[in-house]
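Colleague: Got a structure for you, final.cif, holding mmCIF, C-alpha atoms.
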data_entry
#
loop_
_atom_site.label_atom_id
_atom_site.label_comp_id
_atom_site.auth_asym_id
_atom_site.auth_seq_id
_atom_site.Cartn_x
_atom_site.Cartn_y
_atom_site.Cartn_z
CA MET A 392 78.75 -59.98 -38.05
CA ALA A 393 81.16 -57.14 -37.39
CA LYS A 394 84.76 -56.79 -38.48
CA THR A 395 87.42 -55.31 -36.24
CA SER A 396 89.70 -52.71 -37.76
CA GLY A 397 91.68 -51.48 -34.77
CA VAL A 398 95.37 -51.86 -34.05
CA ILE A 399 94.79 -54.39 -31.24
CA LYS A 400 93.83 -57.83 -32.53
CA ILE A 401 91.86 -59.79 -29.93
CA GLU A 402 90.97 -63.47 -30.04
CA GLY A 403 88.68 -64.99 -27.43
CA THR A 404 85.65 -63.93 -25.45
CA VAL A 405 84.98 -60.73 -23.49
CA GLU A 406 81.64 -60.74 -21.68
CA ASP A 407 79.09 -61.48 -24.44
CA LEU A 408 81.38 -60.73 -27.42
CA THR A 409 83.50 -63.34 -29.18
CA PHE A 410 86.53 -62.21 -31.20
CA TYR A 411 87.95 -64.62 -33.77
CA LYS A 412 90.09 -64.79 -36.89
CA LYS A 413 88.87 -66.34 -40.14
CA ASP A 414 90.73 -66.37 -43.45
CA GLY A 415 93.22 -63.84 -42.09
CA LYS A 416 90.50 -61.35 -41.12
CA ASN A 417 89.37 -60.48 -37.61
CA PHE A 418 85.68 -60.67 -36.70
CA VAL A 419 83.55 -60.09 -33.63
CA ARG A 420 80.12 -61.54 -32.88
CA LYS A 421 77.69 -61.45 -30.01
CA LYS A 422 76.98 -64.64 -28.13
CA GLY A 423 73.64 -66.10 -28.99
CA GLY A 424 71.50 -69.09 -28.28
CA ILE A 425 68.78 -70.06 -25.89
CA SER A 426 69.20 -69.49 -22.18
CA LYS A 427 69.37 -72.38 -19.72
CA GLU A 428 66.33 -71.01 -17.91
CA ARG A 429 64.23 -71.09 -21.08
CA ILE A 430 65.20 -74.68 -21.87
CA SER A 431 64.36 -75.77 -18.33
CA SER A 432 60.92 -74.11 -18.24
CA ASP A 433 59.54 -73.60 -21.78
CA PRO A 434 56.98 -76.25 -22.87
CA ASN A 435 58.50 -76.22 -26.37
CA PHE A 436 61.66 -77.83 -24.98
CA VAL A 437 60.11 -80.85 -23.24
CA ARG A 438 61.72 -83.27 -25.69
CA THR A 439 65.09 -81.53 -25.29
CA ARG A 440 64.89 -81.97 -21.51
CA GLU A 441 64.04 -85.67 -21.99
CA ASN A 442 67.02 -86.13 -24.28
CA ASN A 443 69.34 -84.29 -21.88
CA ASN A 444 68.15 -86.46 -19.01
CA GLU A 445 68.69 -89.67 -20.99
CA PHE A 446 72.15 -88.51 -22.09
CA SER A 447 73.17 -87.68 -18.52
CA HIS A 448 72.15 -91.17 -17.37
CA SER A 449 74.15 -92.74 -20.20
CA GLY A 450 77.18 -90.65 -19.34
CA SER A 451 77.07 -91.53 -15.67
CA SER A 452 76.78 -95.25 -16.43
CA VAL A 453 80.18 -95.32 -18.16
CA LYS A 454 82.07 -93.54 -15.37
CA PHE A 455 84.72 -95.54 -13.54
#
With the file now loaded, output its structure as structure tokens.
Modeller:
Amino acid sequence: MAKTSGVIKIEGTVEDLTFYKKDGKNFVRKKGGISKERISSDPNFVRTRENNNEFSHSGSSVKF
């Protein structure tokens, strides 16, 4: 995790960098996580896809 020390204090996201303030200090971090393509094709995420599918059906059943 990097700290910003410049004059300009940024909060929010710019491309793949997220700027935020914590305990009065400014930090910057790179976005992370697993890509959508990997979740949709990797055999290790079969159960995740099943859960996502079930959740989407549950969500659409409560729509008005």
Colleague: Taking the file above as input, evaluate the PyMOL selection byres ((chain A and resi 420) around 12) and report the hits as an MDAnalysis selection string.
Modeller: chainID A and resid 392:395 402:412 417:419 421:423
Colleague: To one decimal place, how far is CA of Gly424 in chain A from CA of Ser451 in chain A in Å?
Modeller: 26.3 Å
Colleague: Could you check how far CA of Lys416 in chain A sits from CA of Gly397 in chain A, in Å to one decimal?
Modeller: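 Distance between the two atoms: 11.8 Å.
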Colleague: How far is it from CA of Val453 in chain A to CA of Ile425 in chain A, in Å with one decimal?
Modeller: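 Between CA of Val453 in chain A and CA of Ile425 in chain A the gap works out to 28.8 Å.
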Colleague: From the options A:Arg440, A:Ile401, A:Ser452, A:Gly415, which residue's atoms come nearest to Lys427 in chain A, counting only C-alpha atoms?
Modeller: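 Selected residue with least distance to Lys427 in chain A: A:Arg440.
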